[in-house]
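Structure data (mmCIF, C-alpha atoms) from run28.cif:
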```cif
data_upload
loop_
_atom_site.label_atom_id
_atom_site.label_comp_id
_atom_site.auth_asym_id
_atom_site.auth_seq_id
_atom_site.Cartn_x
_atom_site.Cartn_y
_atom_site.Cartn_z
CA MET K 1 -40.52 -4.92 40.71
CA ASN K 2 -43.03 -7.64 40.00
CA ASN K 3 -41.53 -10.45 37.92
CA LYS K 4 -44.66 -10.68 35.75
CA ALA K 5 -44.47 -6.99 34.75
CA ALA K 6 -40.87 -7.18 33.48
CA PRO K 7 -41.59 -8.97 30.16
CA THR K 8 -44.37 -6.52 29.43
CA LEU K 9 -42.09 -3.50 29.87
CA LEU K 10 -39.39 -5.08 27.71
CA LEU K 11 -41.86 -5.70 24.87
CA SER K 12 -43.09 -2.09 25.02
CA ALA K 13 -39.53 -0.77 24.80
CA LEU K 14 -38.76 -2.94 21.72
CA LEU K 15 -41.91 -1.70 19.92
CA LEU K 16 -40.97 1.93 20.65
CA ILE K 17 -37.47 1.45 19.23
CA SER K 18 -38.89 -0.21 16.08
CA ALA K 19 -41.30 2.67 15.49
CA CYS K 20 -38.54 5.25 15.80
CA SER K 21 -36.44 3.29 13.34
CA ASP K 22 -39.30 3.21 10.78
CA GLN K 23 -39.80 6.96 11.12
CA ALA K 24 -36.10 7.58 10.52
CA ASP K 25 -36.16 5.42 7.38
CA SER K 26 -39.22 7.27 6.10
CA ALA K 27 -37.53 10.60 6.68
CA LYS K 28 -34.50 9.46 4.69
CA LYS K 29 -36.59 8.25 1.75
CA GLY K 30 -38.84 11.35 1.79
CA PRO K 31 -42.43 11.53 0.61
CA GLY K 32 -41.39 11.46 -3.02
CA GLY K 33 -40.14 7.91 -2.82
CA PRO K 34 -36.68 6.58 -3.70
CA GLY K 35 -36.31 8.58 -6.93
CA GLY K 36 -35.91 12.08 -5.48
CA ARG K 37 -34.97 14.29 -2.58
CA GLY K 38 -37.91 15.63 -0.70
CA GLY K 39 -40.21 14.81 -3.74
CA THR K 40 -38.23 16.84 -6.33
CA PRO K 41 -37.88 14.84 -9.58
CA GLU K 42 -34.48 14.54 -11.17
CA VAL K 43 -34.24 15.60 -14.85
CA GLY K 44 -31.44 15.59 -17.42
CA PHE K 45 -30.76 18.71 -19.48
CA VAL K 46 -28.57 19.96 -22.29
CA VAL K 47 -27.31 23.53 -22.68
CA VAL K 48 -28.14 24.90 -26.12
CA GLN K 49 -26.11 27.48 -27.99
CA PRO K 50 -26.75 29.06 -31.41
CA THR K 51 -24.88 27.50 -34.30
CA SER K 52 -24.78 27.61 -38.08
CA VAL K 53 -27.28 25.17 -39.56
CA ALA K 54 -27.75 24.58 -43.27
CA ILE K 55 -31.30 24.96 -44.59
CA THR K 56 -31.46 21.76 -46.59
CA THR K 57 -34.13 20.89 -49.12
CA GLU K 58 -34.89 17.76 -51.11
CA LEU K 59 -36.47 18.21 -54.54
CA ALA K 60 -37.39 16.02 -57.47
CA GLY K 61 -35.44 16.25 -60.70
CA ARG K 62 -34.64 14.53 -63.99
CA THR K 63 -31.36 14.02 -65.75
CA THR K 64 -30.71 15.67 -69.11
CA PRO K 65 -27.67 15.43 -71.41
CA TYR K 66 -24.96 18.04 -71.12
CA ALA K 67 -25.04 18.44 -74.92
CA VAL K 68 -27.12 16.87 -77.72
CA SER K 69 -26.23 16.90 -81.41
CA GLU K 70 -28.13 15.41 -84.33
CA VAL K 71 -25.94 14.03 -87.11
CA ARG K 72 -27.37 15.28 -90.42
CA PRO K 73 -26.12 15.12 -94.02
CA GLN K 74 -25.28 18.41 -95.70
CA ILE K 75 -25.36 17.08 -99.26
CA SER K 76 -27.51 14.54 -101.05
CA GLY K 77 -26.22 11.10 -101.96
CA VAL K 78 -26.15 7.41 -101.17
CA ILE K 79 -24.49 6.15 -97.97
CA GLN K 80 -21.55 3.93 -98.87
CA ARG K 81 -20.26 2.97 -95.41
CA ARG K 82 -20.90 3.42 -91.69
CA PHE K 83 -17.81 3.69 -89.47
CA PHE K 84 -19.18 3.41 -85.90
CA THR K 85 -20.83 0.88 -83.61
CA GLU K 86 -24.24 1.86 -82.33
CA GLY K 87 -24.19 2.81 -78.65
CA SER K 88 -20.43 3.38 -78.60
CA TYR K 89 -18.48 6.47 -77.57
CA VAL K 90 -17.41 8.67 -80.49
CA ARG K 91 -15.09 11.66 -80.53
CA ALA K 92 -15.62 15.01 -82.22
CA GLY K 93 -14.36 14.94 -85.81
CA GLN K 94 -14.53 11.16 -86.08
CA THR K 95 -15.95 9.98 -89.44
CA LEU K 96 -19.36 8.37 -88.98
CA TYR K 97 -20.68 7.94 -92.55
CA GLN K 98 -19.26 8.05 -96.05
CA ILE K 99 -21.58 9.34 -98.81
CA ASP K 100 -20.83 8.45 -102.45
CA PRO K 101 -18.32 11.15 -103.49
CA ARG K 102 -18.23 10.59 -107.28
CA LEU K 103 -20.58 13.42 -108.22
CA THR K 104 -18.82 15.93 -105.97
CA GLU K 105 -15.41 14.80 -107.24
CA ALA K 106 -16.58 15.49 -110.77
CA GLY K 107 -17.92 18.88 -109.73
CA GLN K 108 -14.56 19.72 -108.16
CA ALA K 109 -12.70 18.73 -111.36
CA GLN K 110 -15.02 20.91 -113.43
CA ALA K 111 -14.48 23.85 -111.09
CA GLN K 112 -10.71 23.44 -111.37
CA ALA K 113 -10.99 23.50 -115.17
CA ASN K 114 -13.12 26.62 -115.07
CA VAL K 115 -10.50 28.33 -112.92
CA ALA K 116 -7.78 27.45 -115.41
CA ALA K 117 -9.81 28.78 -118.34
CA ALA K 118 -10.63 32.00 -116.50
CA GLU K 119 -6.98 32.53 -115.57
CA ALA K 120 -5.94 32.11 -119.24
CA THR K 121 -8.54 34.62 -120.42
CA ALA K 122 -7.52 37.06 -117.70
CA GLU K 123 -3.85 36.77 -118.65
CA ALA K 124 -4.59 37.53 -122.34
CA ALA K 125 -6.72 40.54 -121.40
CA ARG K 126 -4.01 41.86 -119.07
CA LEU K 127 -1.28 41.59 -121.75
CA ARG K 128 -3.46 43.35 -124.36
CA ALA K 129 -4.16 46.23 -121.95
CA GLU K 130 -0.43 46.57 -121.16
CA ARG K 131 0.44 46.73 -124.91
CA LEU K 132 -2.17 49.40 -125.57
CA ARG K 133 -1.09 51.63 -122.66
CA PRO K 134 2.06 53.16 -124.30
CA LEU K 135 0.31 53.37 -127.68
CA ALA K 136 -2.49 55.37 -126.11
CA ARG K 137 0.08 57.76 -124.60
CA MET K 138 1.60 58.28 -128.05
CA GLN K 139 -1.92 58.62 -129.48
CA ALA K 140 -1.20 55.67 -131.81
CA VAL K 141 -4.53 54.20 -130.68
CA SER K 142 -7.54 55.94 -129.30
CA GLN K 143 -7.87 56.43 -125.57
CA GLN K 144 -11.24 54.69 -125.67
CA GLU K 145 -9.71 51.53 -127.09
CA TYR K 146 -7.20 51.38 -124.23
CA THR K 147 -9.94 52.04 -121.68
CA ASP K 148 -11.99 49.15 -123.05
CA ALA K 149 -8.97 46.82 -122.95
CA ALA K 150 -8.23 47.72 -119.31
CA ALA K 151 -11.85 47.13 -118.33
CA GLN K 152 -11.82 43.73 -120.04
CA ALA K 153 -8.69 42.80 -118.09
CA ARG K 154 -10.37 43.67 -114.80
CA GLN K 155 -13.51 41.74 -115.78
CA ALA K 156 -11.40 38.72 -116.64
CA GLN K 157 -9.68 38.88 -113.24
CA ALA K 158 -13.09 39.09 -111.52
CA ALA K 159 -14.16 35.98 -113.44
CA VAL K 160 -11.07 34.21 -112.11
CA ASN K 161 -12.09 35.07 -108.56
CA GLN K 162 -15.60 33.77 -109.21
CA GLN K 163 -14.33 30.46 -110.53
CA ARG K 164 -11.96 30.11 -107.57
CA ALA K 165 -14.91 30.61 -105.21
CA ALA K 166 -16.83 27.94 -107.11
CA LEU K 167 -13.82 25.63 -106.71
CA ARG K 168 -13.79 26.19 -102.94
CA THR K 169 -17.52 25.38 -102.87
CA ALA K 170 -16.88 22.15 -104.76
CA GLN K 171 -14.10 21.26 -102.34
CA VAL K 172 -16.39 21.89 -99.35
CA ASN K 173 -19.11 19.73 -100.89
CA LEU K 174 -16.59 16.98 -101.42
CA GLY K 175 -15.69 17.21 -97.73
CA PHE K 176 -19.38 16.89 -96.84
CA THR K 177 -19.35 13.37 -98.26
CA ARG K 178 -17.50 12.44 -95.07
CA VAL K 179 -20.01 12.94 -92.20
CA PRO K 180 -18.08 13.61 -88.95
CA ALA K 181 -19.23 13.61 -85.31
CA PRO K 182 -19.93 17.23 -84.29
CA ILE K 183 -19.35 16.53 -80.57
CA SER K 184 -17.88 13.80 -78.40
CA GLY K 185 -20.35 11.55 -76.62
CA ARG K 186 -22.46 8.42 -76.73
CA ILE K 187 -24.06 7.79 -80.11
CA GLY K 188 -27.43 6.11 -80.45
CA ARG K 189 -28.78 3.81 -83.13
CA SER K 190 -28.34 4.64 -86.79
CA LEU K 191 -31.60 5.54 -88.53
CA PHE K 192 -30.12 5.00 -92.01
CA THR K 193 -28.20 2.02 -93.29
CA GLN K 194 -25.67 1.46 -96.03
CA GLY K 195 -27.23 2.07 -99.44
CA ALA K 196 -29.86 4.52 -98.18
CA LEU K 197 -30.40 7.76 -100.06
CA VAL K 198 -30.06 10.86 -97.90
CA THR K 199 -30.73 14.50 -98.72
CA ALA K 200 -29.43 17.76 -97.38
CA ASN K 201 -32.81 18.93 -96.05
CA GLN K 202 -34.28 15.67 -94.77
CA PRO K 203 -36.29 15.90 -91.48
CA ASP K 204 -34.74 12.83 -89.80
CA PRO K 205 -31.15 12.79 -88.51
CA LEU K 206 -28.77 9.98 -89.35
CA ALA K 207 -28.07 9.44 -85.61
CA THR K 208 -28.00 11.38 -82.33
CA ILE K 209 -25.00 11.96 -80.07
CA GLN K 210 -25.43 12.82 -76.38
CA GLN K 211 -22.67 14.05 -74.11
CA LEU K 212 -23.26 12.46 -70.68
CA ASP K 213 -20.12 13.38 -68.74
CA PRO K 214 -20.80 15.78 -67.14
CA ILE K 215 -24.58 15.51 -67.06
CA PHE K 216 -27.28 17.99 -66.07
CA VAL K 217 -30.04 17.47 -63.50
CA ASP K 218 -33.06 19.74 -63.86
CA ILE K 219 -34.62 20.28 -60.41
CA GLN K 220 -38.15 21.58 -59.93
CA GLN K 221 -38.83 23.94 -57.00
CA SER K 222 -42.26 25.39 -56.26
CA THR K 223 -42.67 29.15 -56.19
CA SER K 224 -43.96 28.98 -52.59
CA GLU K 225 -40.71 27.37 -51.46
CA LEU K 226 -38.73 29.92 -53.43
CA LEU K 227 -40.61 32.82 -51.82
CA ALA K 228 -40.09 31.33 -48.35
CA LEU K 229 -36.37 31.05 -49.06
CA ARG K 230 -36.17 34.67 -50.18
CA ARG K 231 -37.94 35.78 -47.01
CA LEU K 232 -35.40 33.86 -44.97
CA LEU K 233 -32.53 35.42 -46.90
CA SER K 234 -33.92 38.86 -46.09
CA GLN K 235 -33.21 38.17 -42.41
CA GLY K 236 -29.86 39.19 -41.05
CA ASN K 237 -28.95 35.76 -39.66
CA VAL K 238 -29.59 33.75 -42.85
CA MET K 239 -26.94 33.68 -45.56
CA PRO K 240 -27.05 32.10 -49.05
CA ALA K 241 -25.17 28.83 -49.39
CA ARG K 242 -23.22 27.22 -52.23
CA ALA K 243 -23.15 23.74 -50.83
CA ALA K 244 -22.66 20.61 -52.92
CA VAL K 245 -25.71 18.82 -54.29
CA ARG K 246 -26.23 15.13 -53.53
CA LEU K 247 -28.41 12.78 -55.53
CA LYS K 248 -30.68 9.93 -54.48
CA LEU K 249 -31.36 7.46 -57.27
CA GLU K 250 -34.67 5.80 -58.06
CA ASP K 251 -33.89 2.80 -55.83
CA GLY K 252 -33.15 5.09 -52.87
CA SER K 253 -29.37 4.66 -52.99
CA ASP K 254 -26.97 7.59 -52.90
CA TYR K 255 -25.22 8.47 -56.16
CA GLY K 256 -21.93 9.08 -54.39
CA LEU K 257 -20.57 11.96 -56.48
CA THR K 258 -21.64 15.52 -55.74
CA GLY K 259 -22.62 18.30 -58.13
CA THR K 260 -23.10 22.05 -58.15
CA ILE K 261 -25.98 24.36 -59.01
CA GLN K 262 -25.31 26.08 -62.34
CA PHE K 263 -28.22 28.52 -62.60
CA SER K 264 -31.89 29.11 -61.80
CA GLU K 265 -34.56 29.91 -64.37
CA VAL K 266 -36.14 33.36 -64.21
CA VAL K 267 -39.46 32.16 -65.63
CA VAL K 268 -42.14 30.21 -63.76
CA ASP K 269 -43.71 27.30 -65.61
CA PRO K 270 -47.42 28.24 -65.75
CA GLY K 271 -48.47 24.59 -65.98
CA THR K 272 -46.70 23.39 -62.82
CA GLY K 273 -46.00 26.59 -60.90
CA THR K 274 -42.35 25.64 -60.50
CA VAL K 275 -38.95 27.13 -61.26
CA THR K 276 -36.20 24.98 -62.76
CA LEU K 277 -32.79 24.78 -61.10
CA ARG K 278 -30.03 23.15 -63.14
CA ALA K 279 -27.19 21.24 -61.47
CA SER K 280 -24.14 19.68 -63.10
CA PHE K 281 -22.78 16.28 -62.01
CA PRO K 282 -19.75 14.26 -63.08
CA ASN K 283 -20.75 10.98 -64.69
CA PRO K 284 -17.52 9.11 -65.47
CA GLN K 285 -19.08 5.63 -65.21
CA GLY K 286 -22.20 6.51 -67.20
CA LEU K 287 -24.48 5.52 -64.33
CA LEU K 288 -26.78 8.49 -64.90
CA LEU K 289 -28.77 8.20 -68.11
CA PRO K 290 -30.96 10.90 -69.69
CA GLY K 291 -34.52 10.91 -68.39
CA MET K 292 -33.82 9.24 -65.03
CA PHE K 293 -35.90 10.37 -62.03
CA VAL K 294 -33.74 11.45 -59.07
CA ARG K 295 -34.00 13.35 -55.78
CA ALA K 296 -31.59 16.24 -55.24
CA VAL K 297 -30.56 17.15 -51.68
CA PHE K 298 -28.75 20.44 -51.18
CA ALA K 299 -28.48 23.48 -48.92
CA GLN K 300 -29.86 26.75 -50.24
CA ALA K 301 -29.05 28.89 -47.19
CA VAL K 302 -27.33 28.81 -43.80
CA ASP K 303 -29.02 29.98 -40.58
CA THR K 304 -26.27 31.33 -38.33
CA ARG K 305 -28.44 31.56 -35.18
CA ALA K 306 -30.31 28.26 -35.03
CA PHE K 307 -30.42 25.79 -32.13
CA LEU K 308 -30.07 22.03 -32.45
CA VAL K 309 -32.36 20.40 -29.87
CA PRO K 310 -32.59 16.61 -29.41
CA GLN K 311 -35.82 15.32 -30.89
CA GLN K 312 -37.02 13.72 -27.63
CA ALA K 313 -37.09 17.15 -25.98
CA VAL K 314 -39.64 18.60 -28.42
CA SER K 315 -43.35 17.83 -28.16
CA ARG K 316 -46.49 19.24 -29.75
CA ASP K 317 -49.51 20.79 -28.04
CA PRO K 318 -53.09 20.18 -29.24
CA GLN K 319 -52.75 23.11 -31.66
CA GLY K 320 -49.64 21.56 -33.19
CA ASN K 321 -47.20 24.11 -31.74
CA ALA K 322 -43.76 22.82 -30.80
CA THR K 323 -42.91 23.09 -27.10
CA VAL K 324 -39.95 22.28 -24.86
CA LEU K 325 -39.36 22.26 -21.11
CA VAL K 326 -36.43 24.30 -19.82
CA VAL K 327 -34.94 24.68 -16.38
CA GLY K 328 -36.03 28.14 -15.33
CA PRO K 329 -35.17 30.38 -12.37
CA GLY K 330 -35.19 28.58 -9.04
CA ASN K 331 -34.73 25.24 -10.85
CA LYS K 332 -38.38 25.21 -11.84
CA ALA K 333 -39.57 23.60 -15.08
CA GLN K 334 -40.75 26.16 -17.58
CA MET K 335 -42.74 25.55 -20.78
CA ARG K 336 -41.49 27.28 -23.95
CA THR K 337 -43.21 27.50 -27.32
CA VAL K 338 -40.58 27.25 -30.06
CA ARG K 339 -40.42 27.23 -33.84
CA ALA K 340 -39.22 23.84 -35.08
CA GLU K 341 -40.08 23.26 -38.72
CA ARG K 342 -37.46 20.73 -39.82
CA THR K 343 -35.08 18.12 -38.49
CA GLN K 344 -31.40 17.51 -39.04
CA GLY K 345 -30.31 14.04 -38.07
CA ALA K 346 -31.35 13.38 -34.46
CA PHE K 347 -32.13 17.05 -33.76
CA TRP K 348 -34.91 19.54 -34.32
CA VAL K 349 -33.72 22.81 -35.82
CA VAL K 350 -35.21 25.49 -33.55
CA THR K 351 -35.19 28.98 -35.05
CA ALA K 352 -37.21 30.86 -32.39
CA GLY K 353 -38.22 30.54 -28.74
CA LEU K 354 -34.85 29.73 -27.17
CA ASN K 355 -32.00 31.83 -25.83
CA PRO K 356 -28.29 31.07 -25.69
CA GLY K 357 -27.46 29.06 -22.57
CA ASP K 358 -30.97 27.71 -21.97
CA ARG K 359 -31.06 24.36 -20.20
CA VAL K 360 -33.47 22.21 -22.21
CA ILE K 361 -34.82 19.15 -20.40
CA THR K 362 -34.28 15.97 -22.43
CA GLN K 363 -34.60 13.26 -19.76
CA GLY K 364 -37.23 12.75 -17.07
CA LEU K 365 -39.90 14.61 -19.02
CA GLY K 366 -42.57 12.30 -17.65
CA ARG K 367 -41.88 13.46 -14.08
CA ALA K 368 -41.42 17.18 -14.74
CA ARG K 369 -44.38 19.53 -14.65
CA PRO K 370 -44.36 23.20 -15.71
CA GLY K 371 -43.95 25.49 -12.71
CA GLN K 372 -42.77 22.73 -10.35
CA PRO K 373 -39.25 22.42 -8.94
CA VAL K 374 -36.87 19.93 -10.52
CA ARG K 375 -33.40 18.69 -9.69
CA PRO K 376 -31.41 19.27 -12.93
CA VAL K 377 -28.36 17.20 -13.82
CA PRO K 378 -26.48 17.05 -17.12
CA ALA K 379 -28.10 14.67 -19.57
CA SER K 380 -26.95 11.04 -19.41
CA ALA K 381 -25.17 11.66 -16.07
CA PRO K 382 -24.51 8.42 -14.09
CA GLN K 383 -27.32 7.53 -11.67
CA ARG K 384 -26.47 8.00 -8.01
CA ILE K 385 -27.26 4.95 -5.87
CA ASP K 386 -27.67 5.31 -2.10
CA PRO K 387 -25.41 2.67 -0.49
CA ASN K 388 -27.67 2.58 2.62
CA ARG K 389 -30.64 1.41 0.56
CA SER K 390 -31.20 -2.31 0.49
CA ALA K 391 -32.86 -4.49 -2.05
CA PRO K 392 -36.68 -4.53 -2.16
CA GLY K 393 -38.14 -6.02 0.98
CA GLY K 394 -35.28 -5.00 3.28
CA ARG K 395 -34.88 -2.10 5.71
CA GLY K 396 -31.54 -0.45 5.33
CA GLY K 397 -29.74 -3.65 6.25
CA ALA K 398 -31.42 -4.03 9.58
CA GLY K 399 -31.58 -7.55 10.92
CA LYS K 400 -34.69 -9.46 11.44
#
```
Go through the file and emit its structure as structure tokens.
Amino acid sequence: MNNKAAPTLLLSALLLISACSDQADSAKKGPGGPGGRGGTPEVGFVVVQPTSVAITTELAGRTTPYAVSEVRPQISGVIQRRFFTEGSYVRAGQTLYQIDPRLTEAGQAQAQANVAAAEATAEAARLRAERLRPLARMQAVSQQEYTDAAAQARQAQAAVNQQRAALRTAQVNLGFTRVPAPISGRIGRSLFTQGALVTANQPDPLATIQQLDPIFVDIQQSTSELLALRRLLSQGNVMPARAAVRLKLEDGSDYGLTGTIQFSEVVVDPGTGTVTLRASFPNPQGLLLPGMFVRAVFAQAVDTRAFLVPQQAVSRDPQGNATVLVVGPGNKAQMRTVRAERTQGAFWVVTAGLNPGDRVITQGLGRARPGQPVRPVPASAPQRIDPNRSAPGGRGGAGK
């Protein structure tokens, strides 16, 4: 062989080997690049199953006292003393005001005297009728005279009963000079001071007591929401719920204690088109005051066949319909239109469009296309790294 031709043949052989090596590397990487096998994108999925999901609603409401009582005088007189501190807690039966009792004490004494006089008259009439009874039998006196004496005795006894009733009335009026608290609760400011003249039929109360533990919260729900709830309850998979009610205060903080729904009004307010729901809450610290604006969060029903789908898996088409991608037959991505009207935490609550066991794609959505093959792996599975791949710029560890 010619010595000049040898280097040329050696160079040709080296170029051929290099080309074969590049083709082998390209075959390993595939046309889809480093992220897939043969161009098939890898996607993460979750398997969805039906579960019981509470249908939760958040509505506006205002606090109202559990009980309200206006303290009013039941007799006329001048207030002598006040026995409470404004804004304090008072108990039922506790004396709040003392009205001048001198007139009622005199009326009671007069009633007692009238009773004594009536009893004396009745006793004399009874004795006279008893003396005339045997004389009438012996016809010593006329029968009419005895009949009149017996009638007078009965009239005298009736007068005794009348005077005793008047005495009880005087005693009750004397008790009215002490004005007690009708209920236990927080008392407001006193509208009348010591020395003020009060009357039995005056329009203004002496003070107002409000019972605040427990306390009511009146919640307003629109009739459209109520009708939607009743339609849901007519379905076989939705059941009514008696979950606890939580409150959000005006500053956005959570009240902490939970309450329960007591009843729902059967009349719609024509001015607002709403129905009032009343909830009862414990209020041991007095944090809730009457008239406060709050937000009530509670479950009105439970859907026993709903699906919880991660929020990143749900998107909206131009018409606003909710859609998800699922791994269909042959590991092909498939578009599904679903009904997702509310969220719960990090999930959409899907009530239609999915079946038990569906594999919903949650990762790699940017690479998946409907109708194209995908390589599904469980969501958040560790990424597989090919040990034969080198850092960028290298060729599978080949030397220079």
Distance table requested - range 289-339 of chain K against range 358-366 of chain K, cut-off 10 Å, all atoms listed in the file: one row per qualifying residue with the closest atom pair and its distance in Å to one decimal, ordered by chain and rising residue number, as a Markdown table.
```
| residue | atom | partner | partner_atom | distance |
| --- | --- | --- | --- | --- |
| K:Val309 | CA | K:Val360 | CA | 7.9 |
| K:Pro310 | CA | K:Thr362 | CA | 7.2 |
| K:Gln311 | CA | K:Thr362 | CA | 8.6 |
| K:Gln312 | CA | K:Thr362 | CA | 6.3 |
| K:Ala313 | CA | K:Thr362 | CA | 4.7 |
| K:Val314 | CA | K:Thr362 | CA | 8.5 |
| K:Val324 | CA | K:Val360 | CA | 7.0 |
| K:Leu325 | CA | K:Ile361 | CA | 5.5 |
| K:Val326 | CA | K:Val360 | CA | 4.3 |
| K:Val327 | CA | K:Arg359 | CA | 5.5 |
| K:Gly328 | CA | K:Arg359 | CA | 7.9 |
| K:Ala333 | CA | K:Ile361 | CA | 8.4 |
| K:Gln334 | CA | K:Val360 | CA | 9.5 |
| K:Met335 | CA | K:Val360 | CA | 10.0 |
| K:Arg336 | CA | K:Val360 | CA | 9.6 |
```
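Among K:Leu287, K:Ala306, K:Ala200, K:Val297, the residue with the shortest atom-to-atom distance to Val71 in chain K, counting only C-alpha atoms, is K:Ala200.
Once only C-alpha atoms are considered, the residues situated within 9 Å of the file point (-22.0, 8.7, -85.8) turn out to be K:Val71, K:Arg82, K:Phe83, K:Phe84, K:Thr85, K:Glu86, K:Val90, K:Gln94, K:Thr95, K:Leu96, K:Tyr97, K:Val179, K:Pro180, K:Ala181, K:Pro182, K:Ile187, K:Gly188, K:Arg189, K:Ser190, K:Leu206, K:Ala207, K:Thr208, K:Ile209.
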Self-check item: Exercise: Ala136 in chain K partners within 12 Å, all atoms listed in the file, chain neighbours under 6 positions left out, as a PyMOL selection string
Solution: chain K and resi 129-130+142-150
Quiz item: For the file shown, what are the residues hit by the PyMOL selection byres ((chain K and resi 337) around 10), laid out as an MDAnalysis selection string?
Solution: chainID K and resid 314:317 321:325 335:336 338:340 352:354
Take the residues just selected and output them with C-alpha atoms as a PDB file, in the coordinates of the input.
```pdb
ATOM      1  CA  VAL K 314     -39.640  18.600 -28.420  1.00  0.00           C
ATOM      2  CA  SER K 315     -43.350  17.830 -28.160  1.00  0.00           C
ATOM      3  CA  ARG K 316     -46.490  19.240 -29.750  1.00  0.00           C
ATOM      4  CA  ASP K 317     -49.510  20.790 -28.040  1.00  0.00           C
ATOM      5  CA  ASN K 321     -47.200  24.110 -31.740  1.00  0.00           C
ATOM      6  CA  ALA K 322     -43.760  22.820 -30.800  1.00  0.00           C
ATOM      7  CA  THR K 323     -42.910  23.090 -27.100  1.00  0.00           C
ATOM      8  CA  VAL K 324     -39.950  22.280 -24.860  1.00  0.00           C
ATOM      9  CA  LEU K 325     -39.360  22.260 -21.110  1.00  0.00           C
ATOM     10  CA  MET K 335     -42.740  25.550 -20.780  1.00  0.00           C
ATOM     11  CA  ARG K 336     -41.490  27.280 -23.950  1.00  0.00           C
ATOM     12  CA  VAL K 338     -40.580  27.250 -30.060  1.00  0.00           C
ATOM     13  CA  ARG K 339     -40.420  27.230 -33.840  1.00  0.00           C
ATOM     14  CA  ALA K 340     -39.220  23.840 -35.080  1.00  0.00           C
ATOM     15  CA  ALA K 352     -37.210  30.860 -32.390  1.00  0.00           C
ATOM     16  CA  GLY K 353     -38.220  30.540 -28.740  1.00  0.00           C
ATOM     17  CA  LEU K 354     -34.850  29.730 -27.170  1.00  0.00           C
TER      18      LEU K 354
END
```
Quiz item: Interatomic distance between CA of Val294 in chain K and CA of Ser280 in chain K?
Solution: 13.3 Å
Let me know the residues the PyMOL selection byres ((chain K and resi 67) around 6) catches in the file above, as a JSON list (two decimals) with C-alpha atoms, in the frame of the given file.
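In the end it all went to selection_31.json:
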```json
[["chain", "number", "residue", "atom", "x", "y", "z"],
["K", 65, "PRO", "CA", -27.67, 15.43, -71.41],
["K", 66, "TYR", "CA", -24.96, 18.04, -71.12],
["K", 68, "VAL", "CA", -27.12, 16.87, -77.72],
["K", 210, "GLN", "CA", -25.43, 12.82, -76.38],
["K", 211, "GLN", "CA", -22.67, 14.05, -74.11]]
```
Quiz item: Out of K:Ser222, K:Gln171, K:Thr351, K:Gln157, which residue has the shortest atom-to-atom distance to Gln112 in chain K when counting all atoms listed in the file?
Solution: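 Of K:Ser222, K:Gln171, K:Thr351, K:Gln157, the one nearest Gln112 in chain K, counting all atoms listed in the file, is K:Gln171.
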Exercise. Take CA of Phe263 in chain K and CA of Thr56 in chain K and report the distance between them in Å, one decimal.
Key: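 Pair CA of Phe263 in chain K / CA of Thr56 in chain K returns 17.7 Å.
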Quiz item: Contacts of Ala299 in chain K at 6 Å or less, counting all atoms listed in the file, minus same-chain residues fewer than 2 places along, as a list in words?
Solution: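 So, after excluding close chain neighbours, the residues are Ala54, Ile55, Thr56, Ala243 and Ala301 of chain K.
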Quiz item: So which residues touch Pro205 in chain K within 10 Å, counting only C-alpha atoms, skipping near sequence neighbours fewer than 2 positions away, as number ranges by chain?
Solution: K: 69-73, 190-192, 198, 201-203, 207-208
Practice problem: Tell me which protein, DNA and RNA residues are within 8 Å of Ala118 in chain K, counting all atoms listed in the file, leaving out same-chain ones fewer than 6 positions away, and put them as a VMD selection string. | Solution: chain K and resid 156 to 157 159 to 160 163
Quiz item: Which residues match the PyMOL selection byres ((chain K and resi 307) around 6) in the file above, as a list of chain:residue names?
Solution: K:Pro50, K:Ala306, K:Leu308, K:Val349, K:Val350
Quiz item: Quick one, how far is CA of Ala106 in chain K from CA of Thr169 in chain K?
Solution: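 Rounded to one decimal, the two atoms are 12.7 Å apart.
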Quiz item: Got a sec: who's within 10 Å of range 252-260 of chain K, counting only C-alpha atoms, leaving out chain neighbours fewer than 4 positions off, as a PyMOL selection string?
Solution: chain K and resi 214-217+242-248+278-284+287-288+294-298
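With all atoms listed in the file as the atoms that count, the minimum distance from Val115 in chain K to the choices K:Arg375, K:Val43, K:Gln220, K:Asn161 is reached by K:Asn161.
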Quiz item: Which of these, K:Val268, K:Ala170, K:Ala158, K:Ala140, has the shortest distance to Gln221 in chain K once you count all atoms listed in the file?
Solution: K:Val268
Exercise. Considering all atoms listed in the file, state which residue in the set K:Lys332, K:Phe293, K:Gln194, K:Ala60 is at the smallest distance from Thr274 in chain K.
Key: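 Smallest separation from Thr274 in chain K among the options: K:Ala60.
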